[in-house]
$ cat target-v1.txt   # compact mmCIF, C-alpha atoms and all ligand atoms
# COMPACT_ATOMS: atom_id res chain seq x y z
CA MET A 1 125.57 99.45 108.00
CA PHE A 2 125.81 102.95 109.44
CA TYR A 3 127.22 103.85 112.86
CA CYS A 4 123.78 105.22 113.87
CA GLN A 5 122.27 101.76 113.25
CA ARG A 6 124.90 100.02 115.40
CA GLU A 7 124.74 102.63 118.17
CA SER A 8 121.18 104.02 118.24
CA TYR A 9 121.74 105.80 121.55
CA SER A 10 124.90 107.62 120.47
CA ARG A 11 124.39 111.39 120.18
CA GLU A 12 127.80 112.53 118.94
CA LEU A 13 130.58 111.21 116.78
CA GLU A 14 134.00 112.43 115.70
CA THR A 15 134.68 111.41 112.11
CA GLU A 16 136.37 112.39 108.86
CA VAL A 17 134.88 114.33 105.94
CA ILE A 18 135.24 112.23 102.77
CA SER A 19 133.68 114.52 100.15
CA CYS A 20 131.90 117.86 99.87
CA SER A 21 130.28 119.41 96.81
CA ALA A 22 127.98 122.41 96.26
CA THR A 23 124.43 121.58 95.16
CA SER A 24 120.80 122.53 95.72
CA ARG A 25 117.89 120.46 96.98
CA GLN A 26 114.11 120.71 97.34
CA LEU A 27 113.33 120.91 101.05
CA ASP A 28 110.15 121.27 103.06
CA THR A 29 110.45 124.63 104.77
CA ALA A 30 107.49 125.82 106.85
CA GLY A 31 105.24 123.30 105.07
CA ARG A 32 106.25 124.40 101.56
CA LYS A 33 108.75 122.87 99.16
CA ALA A 34 111.55 125.25 98.26
CA LYS A 35 114.89 124.93 96.50
CA VAL A 36 117.72 125.46 98.98
CA ASP A 37 121.42 125.92 98.17
CA GLY A 38 123.84 123.83 100.20
CA PHE A 39 126.51 121.12 100.14
CA GLU A 40 126.36 117.35 99.78
CA VAL A 41 128.77 115.85 102.29
CA THR A 42 129.81 112.26 102.97
CA PHE A 43 131.66 111.09 106.08
CA LYS A 44 133.68 108.04 107.04
CA GLU A 45 130.93 107.18 109.59
CA THR A 46 127.69 108.86 110.54
CA VAL A 47 125.62 109.38 113.68
CA PHE A 48 122.78 110.75 111.46
CA PHE A 49 120.11 108.31 110.31
CA PRO A 50 119.33 108.68 106.61
CA GLU A 51 115.60 108.52 105.97
CA GLY A 52 114.31 104.96 105.48
CA GLY A 53 111.80 102.31 106.53
CA GLY A 54 109.25 104.99 107.40
CA GLN A 55 111.62 106.81 109.74
CA ASN A 56 112.45 110.46 109.09
CA ALA A 57 116.01 111.66 108.49
CA ASP A 58 117.91 113.08 111.45
CA LYS A 59 118.92 116.70 111.90
CA GLY A 60 121.72 118.32 113.89
CA LEU A 61 125.08 120.01 113.49
CA VAL A 62 128.51 119.12 112.13
CA GLY A 63 131.25 121.40 113.36
CA GLY A 64 128.63 124.14 113.85
CA VAL A 65 127.14 123.70 110.35
CA GLU A 66 123.47 122.76 110.16
CA VAL A 67 122.46 119.33 108.75
CA LEU A 68 119.30 120.01 106.71
CA ASP A 69 118.66 116.51 105.36
CA VAL A 70 120.20 113.03 105.18
CA TYR A 71 119.41 110.49 102.46
CA ARG A 72 120.82 107.31 100.92
CA ARG A 73 122.53 106.97 97.61
CA GLY A 74 123.03 103.23 97.29
CA THR A 75 124.80 102.23 100.50
CA VAL A 76 126.17 105.75 101.16
CA ALA A 77 124.56 108.27 103.56
CA VAL A 78 124.59 111.70 101.92
CA HIS A 79 124.24 114.73 104.21
CA PHE A 80 122.81 117.99 102.89
CA LEU A 81 124.52 120.76 104.85
CA ALA A 82 123.98 124.52 104.99
CA GLY A 83 127.76 125.18 104.77
CA GLU A 84 130.95 123.76 103.33
CA LEU A 85 133.32 121.32 105.06
CA GLN A 86 136.88 120.46 104.09
CA PRO A 87 137.43 116.88 102.84
CA GLY A 88 140.04 115.16 105.01
CA SER A 89 139.20 117.24 108.09
CA VAL A 90 138.03 115.60 111.32
CA VAL A 91 134.73 117.02 112.58
CA ARG A 92 132.24 116.45 115.38
CA GLN A 93 128.73 115.38 114.40
CA SER A 94 126.04 116.18 116.98
CA LEU A 95 122.53 114.90 116.68
CA ASP A 96 119.32 116.79 117.47
CA TRP A 97 118.73 114.12 120.11
CA ASN A 98 115.22 115.13 121.22
CA ARG A 99 113.98 114.77 117.67
CA ARG A 100 115.84 111.48 117.07
CA PHE A 101 114.71 109.91 120.34
CA ASP A 102 111.15 110.85 119.46
CA ASN A 103 111.66 109.17 116.06
CA MET A 104 112.99 106.03 117.81
CA GLN A 105 109.96 105.94 120.11
CA GLN A 106 107.61 106.39 117.14
CA HIS A 107 109.31 103.69 115.12
CA SER A 108 109.52 101.04 117.86
CA GLY A 109 105.97 102.01 118.86
CA GLN A 110 104.78 101.33 115.32
CA HIS A 111 106.40 97.87 115.33
CA LEU A 112 104.61 97.10 118.60
CA VAL A 113 101.17 98.35 117.51
CA SER A 114 101.45 96.61 114.12
CA ALA A 115 102.55 93.34 115.76
CA VAL A 116 99.61 93.30 118.19
CA LEU A 117 97.14 94.14 115.39
CA GLU A 118 98.56 91.41 113.17
CA ARG A 119 99.06 88.62 115.71
CA GLU A 120 95.92 89.11 117.75
CA TYR A 121 93.43 90.58 115.26
CA ASN A 122 94.74 89.57 111.81
CA ILE A 123 94.84 93.23 110.77
CA ASN A 124 97.91 93.90 108.63
CA THR A 125 99.95 97.06 108.27
CA THR A 126 100.31 98.20 104.66
CA ALA A 127 102.29 101.41 105.32
CA TRP A 128 103.24 103.86 108.06
CA TRP A 129 104.76 107.30 108.32
CA MET A 130 105.65 109.84 111.00
CA ALA A 131 104.55 113.44 111.04
CA GLU A 132 107.35 115.97 110.66
CA SER A 133 108.04 118.11 113.71
CA SER A 134 107.59 121.31 111.66
CA GLU A 135 103.88 120.45 111.52
CA ASN A 136 103.93 120.82 115.29
CA LYS A 137 103.03 117.15 115.58
CA VAL A 138 106.07 115.65 117.30
CA GLY A 139 105.29 112.18 118.53
CA LEU A 140 102.56 111.43 116.01
CA SER A 141 102.59 108.51 113.58
CA TYR A 142 100.10 107.18 111.07
CA ILE A 143 99.65 103.45 110.44
CA GLU A 144 97.81 102.35 107.31
CA LEU A 145 95.91 99.04 107.69
CA ASP A 146 94.26 96.57 105.34
CA LYS A 147 90.93 96.55 107.18
CA PRO A 148 88.95 98.75 109.60
CA VAL A 149 89.55 98.52 113.37
CA PRO A 150 86.42 98.68 115.55
CA PRO A 151 86.72 101.28 118.38
CA GLU A 152 86.54 98.56 121.08
CA THR A 153 89.47 96.73 119.41
CA LEU A 154 91.44 99.97 119.31
CA SER A 155 91.27 100.34 123.09
CA LEU A 156 92.19 96.66 123.62
CA VAL A 157 95.25 97.05 121.34
CA GLU A 158 96.27 100.18 123.23
CA GLU A 159 95.96 98.33 126.56
CA ARG A 160 98.01 95.38 125.24
CA CYS A 161 100.77 97.70 123.99
CA ASN A 162 100.94 99.63 127.26
CA SER A 163 101.13 96.42 129.26
CA ALA A 164 104.12 95.31 127.10
CA ILE A 165 105.71 98.72 127.87
CA GLN A 166 105.14 98.21 131.61
CA ASP A 167 106.68 94.74 131.35
CA ALA A 168 109.89 96.45 130.10
CA ILE A 169 110.44 93.93 127.31
CA PRO A 170 113.96 94.22 125.82
CA VAL A 171 114.40 95.06 122.13
CA SER A 172 117.39 93.52 120.39
CA VAL A 173 118.93 93.85 116.94
CA LYS A 174 120.39 90.74 115.30
CA LEU A 175 122.33 90.71 112.04
CA PHE A 176 121.82 88.00 109.42
CA GLN A 177 123.24 87.32 105.99
CA ILE A 178 120.60 86.89 103.29
CA GLY A 179 120.02 83.17 102.76
CA ASP A 180 120.61 82.37 106.46
CA PRO A 181 118.27 79.44 107.29
CA GLU A 182 117.22 81.22 110.50
CA LEU A 183 115.57 83.88 108.34
CA ASP A 184 112.33 82.58 106.90
CA ALA A 185 110.91 83.73 103.57
CA ALA A 186 108.34 85.97 105.27
CA HIS A 187 111.12 88.05 106.79
CA THR A 188 112.95 88.78 103.54
CA ARG A 189 109.80 89.37 101.46
CA GLY A 190 109.96 93.14 101.48
CA LEU A 191 113.68 93.59 100.88
CA PRO A 192 114.61 95.92 98.01
CA ALA A 193 116.30 94.19 95.07
CA ASP A 194 119.46 96.31 95.46
CA HIS A 195 119.93 95.43 99.15
CA ALA A 196 123.59 94.86 100.03
CA GLY A 197 125.20 93.53 103.22
CA PRO A 198 123.62 91.95 106.30
CA VAL A 199 119.96 92.47 107.23
CA ARG A 200 118.80 93.59 110.66
CA LEU A 201 116.15 91.70 112.58
CA ILE A 202 114.47 93.74 115.32
CA GLN A 203 113.22 91.44 118.08
CA MET A 204 110.72 92.52 120.76
CA GLY A 205 110.62 89.56 123.14
CA GLU A 206 108.00 87.06 121.94
CA ILE A 207 105.83 89.84 120.52
CA ASP A 208 107.56 90.64 117.26
CA SER A 209 110.51 90.08 115.00
CA ASN A 210 110.78 92.21 111.91
CA LEU A 211 113.42 93.18 109.38
CA CYS A 212 114.08 96.90 109.63
CA CYS A 213 116.79 99.46 108.88
CA GLY A 214 115.62 101.97 111.53
CA THR A 215 116.98 103.03 114.91
CA HIS A 216 115.05 101.47 117.78
CA VAL A 217 114.78 101.79 121.55
CA SER A 218 116.63 99.07 123.49
CA ASN A 219 113.70 98.37 125.81
CA LEU A 220 109.95 98.87 125.36
CA SER A 221 109.87 100.79 128.66
CA HIS A 222 111.58 103.64 126.76
CA LEU A 223 108.36 104.15 124.83
CA GLN A 224 106.73 105.36 128.08
CA ALA A 225 103.16 105.04 126.70
CA ILE A 226 101.17 104.57 123.52
CA LYS A 227 97.92 106.40 122.80
CA LEU A 228 95.88 105.39 119.76
CA LEU A 229 94.05 108.57 118.90
CA PHE A 230 91.61 107.81 116.11
CA THR A 231 90.98 105.83 112.93
CA GLU A 232 89.84 107.26 109.65
CA LYS A 233 88.82 105.79 106.33
CA MET A 234 91.30 106.27 103.53
CA ALA A 235 90.42 107.29 100.02
CA LEU A 236 91.45 104.59 97.57
CA LYS A 237 94.39 105.70 95.51
CA SER A 238 93.92 105.50 91.75
CA ILE A 239 96.80 103.79 90.00
ZN ZN B 1 110.69 99.42 111.06

$ encode --input "target-v1.txt" --output "structure tokens"
Amino acid sequence: MFYCQRESYSRELETEVISCSATSRQLDTAGRKAKVDGFEVTFKETVFFPEGGGQNADKGLVGGVEVLDVYRRGTVAVHFLAGELQPGSVVRQSLDWNRRFDNMQQHSGQHLVSAVLEREYNINTTAWWMAESSENKVGLSYIELDKPVPPETLSLVEERCNSAIQDAIPVSVKLFQIGDPELDAAHTRGLPADHAGPVRLIQMGEIDSNLCCGTHVSNLSHLQAIKLLFTEKMALKSI
């Protein structure tokens, strides 16, 4: 469990550099993949969310050095930095908070929209992803569904979500050990085989409870509003 998952609203953290090694990585720069030279750094704790569960990796600075990417290697969060840091040194991590808070709103928003679609219309979410801010689409997410949504349903779902936001329903995170009788089989269905440690159950009042590794808002009022823009038919992927 990372610090950023325990403290989703924390923007800064002082922590120790554990390791640092020179490497290169393929990164999306201005919409194109390019190989970038940098350093892989691990810390004792991290305020940066490593990509996962549909949520994009955080960005920010560590001791003035830019964090270009964050990803998981097993249970370790690996940070890809533009510059070198000294193992053993104590540094200050600072999050690009506007970007992260937007990611939190998108992610909790997706849970809410998916829950309403599933519970009230039997339309299931098969995947979701958030647009990267470099595409100039901050605050935009895509939800993939198992059946079409009629336009009139779309506006009813939007209304239902916005009324839950106005009701300021609290969002809580509970930790469970796998095998806990309180966790039913449906909850643990999608867990990766190599999952280690406790699982996190994200609870939105009576509306939803879902296993998730992401950072979430603490109250639905923090979403401010949800606008469902359009639906489009997907091309079937060939396997
Ligand atoms: Zn999630």

$ closest_atom_pairs --input "target-v1.txt" --of "chain A" --to "ligand ZN 1 (chain B)" --cutoff "8 Å" --atoms "all atoms listed in the file" --output "tab-separated table"
residue	atom	partner	partner_atom	distance
A:Gly53	CA	B:ZN1	ZN	5.5
A:Gly54	CA	B:ZN1	ZN	6.8
A:Gln55	CA	B:ZN1	ZN	7.6
A:His107	CA	B:ZN1	ZN	6.1
A:Ser108	CA	B:ZN1	ZN	7.1
A:Gln110	CA	B:ZN1	ZN	7.5
A:His111	CA	B:ZN1	ZN	6.2
A:Asn210	CA	B:ZN1	ZN	7.3
A:Leu211	CA	B:ZN1	ZN	7.0
A:Cys212	CA	B:ZN1	ZN	4.5
A:Cys213	CA	B:ZN1	ZN	6.5
A:Gly214	CA	B:ZN1	ZN	5.6

$ closest_residue --input "target-v1.txt" --among "A:Lys174, A:His216, A:His222, A:Arg11" --to "Leu201 of chain A" --atoms "all atoms listed in the file"
A:Lys174

$ closest_residue --input "target-v1.txt" --among "A:Glu120, A:Glu14, A:Asp102, A:Glu144" --to "Glu232 of chain A" --atoms "only C-alpha atoms"
A:Glu144

$ closest_residue --input "target-v1.txt" --among "A:Gln166, A:Asn98, A:Asn103, A:Thr46" --to "Glu7 of chain A" --atoms "only C-alpha atoms"
A:Thr46

$ atom_distance --input "target-v1.txt" --atom1 "atom CA of Gly38 of chain A" --atom2 "atom CA of Arg6 of chain A"
28.3 Å

$ residues_around --input "target-v1.txt" --residues "Glu84 of chain A" --least-positions-apart "4" --cutoff "9 Å" --atoms "only C-alpha atoms" --output "ChimeraX atom specification"
/A:20-22,38-41,65

$ write_last_selection --input "target-v1.txt" --atoms "C-alpha atoms" --output "short mmCIF file (atom, residue, chain, number, x, y, z; two decimals), keeping the file's coordinate frame"
data_model
loop_
_atom_site.label_atom_id
_atom_site.label_comp_id
_atom_site.auth_asym_id
_atom_site.auth_seq_id
_atom_site.Cartn_x
_atom_site.Cartn_y
_atom_site.Cartn_z
CA CYS A 20 131.90 117.86 99.87
CA SER A 21 130.28 119.41 96.81
CA ALA A 22 127.98 122.41 96.26
CA GLY A 38 123.84 123.83 100.20
CA PHE A 39 126.51 121.12 100.14
CA GLU A 40 126.36 117.35 99.78
CA VAL A 41 128.77 115.85 102.29
CA VAL A 65 127.14 123.70 110.35
#

$ build_atoms --input "target-v1.txt" --residues "segment 93-118 of chain A" --atoms "N, CA and C atoms" --output "short mmCIF file (atom, residue, chain, number, x, y, z; two decimals), in the frame of the given file"
data_model
loop_
_atom_site.label_atom_id
_atom_site.label_comp_id
_atom_site.auth_asym_id
_atom_site.auth_seq_id
_atom_site.Cartn_x
_atom_site.Cartn_y
_atom_site.Cartn_z
N GLN A 93 130.15 115.41 114.76
CA GLN A 93 128.73 115.38 114.40
C GLN A 93 127.92 115.37 115.69
N SER A 94 126.93 116.26 115.81
CA SER A 94 126.04 116.18 116.98
C SER A 94 124.58 116.19 116.54
N LEU A 95 123.90 115.19 117.06
CA LEU A 95 122.53 114.90 116.68
C LEU A 95 121.55 115.80 117.43
N ASP A 96 120.46 116.21 116.76
CA ASP A 96 119.32 116.79 117.47
C ASP A 96 118.65 115.62 118.17
N TRP A 97 119.09 115.36 119.42
CA TRP A 97 118.73 114.12 120.11
C TRP A 97 117.24 114.03 120.46
N ASN A 98 116.64 115.17 120.84
CA ASN A 98 115.22 115.13 121.22
C ASN A 98 114.38 114.64 120.05
N ARG A 99 114.72 115.14 118.88
CA ARG A 99 113.98 114.77 117.67
C ARG A 99 114.23 113.29 117.33
N ARG A 100 115.50 112.87 117.39
CA ARG A 100 115.84 111.48 117.07
C ARG A 100 115.22 110.50 118.05
N PHE A 101 115.27 110.85 119.36
CA PHE A 101 114.71 109.91 120.34
C PHE A 101 113.21 109.78 120.12
N ASP A 102 112.57 110.89 119.79
CA ASP A 102 111.15 110.85 119.46
C ASP A 102 110.92 109.93 118.26
N ASN A 103 111.78 110.04 117.24
CA ASN A 103 111.66 109.17 116.06
C ASN A 103 111.82 107.70 116.44
N MET A 104 112.78 107.42 117.37
CA MET A 104 112.99 106.03 117.81
C MET A 104 111.75 105.51 118.53
N GLN A 105 111.17 106.35 119.38
CA GLN A 105 109.96 105.94 120.11
C GLN A 105 108.81 105.68 119.13
N GLN A 106 108.68 106.57 118.14
CA GLN A 106 107.61 106.39 117.14
C GLN A 106 107.80 105.10 116.38
N HIS A 107 109.05 104.83 115.98
CA HIS A 107 109.31 103.69 115.12
C HIS A 107 109.12 102.37 115.87
N SER A 108 109.70 102.26 117.07
CA SER A 108 109.52 101.04 117.86
C SER A 108 108.04 100.90 118.25
N GLY A 109 107.40 102.02 118.52
CA GLY A 109 105.97 102.01 118.86
C GLY A 109 105.15 101.46 117.71
N GLN A 110 105.50 101.84 116.50
CA GLN A 110 104.78 101.33 115.32
C GLN A 110 104.95 99.82 115.19
N HIS A 111 106.18 99.33 115.40
CA HIS A 111 106.40 97.87 115.33
C HIS A 111 105.49 97.17 116.33
N LEU A 112 105.41 97.72 117.54
CA LEU A 112 104.61 97.10 118.60
C LEU A 112 103.12 97.10 118.24
N VAL A 113 102.59 98.25 117.84
CA VAL A 113 101.17 98.35 117.51
C VAL A 113 100.85 97.43 116.33
N SER A 114 101.69 97.45 115.30
CA SER A 114 101.45 96.61 114.12
C SER A 114 101.49 95.13 114.48
N ALA A 115 102.42 94.75 115.37
CA ALA A 115 102.55 93.34 115.76
C ALA A 115 101.30 92.87 116.50
N VAL A 116 100.81 93.68 117.43
CA VAL A 116 99.61 93.30 118.19
C VAL A 116 98.40 93.20 117.25
N LEU A 117 98.26 94.16 116.35
CA LEU A 117 97.14 94.14 115.39
C LEU A 117 97.20 92.88 114.52
N GLU A 118 98.41 92.54 114.09
CA GLU A 118 98.56 91.41 113.17
C GLU A 118 98.37 90.07 113.89
#
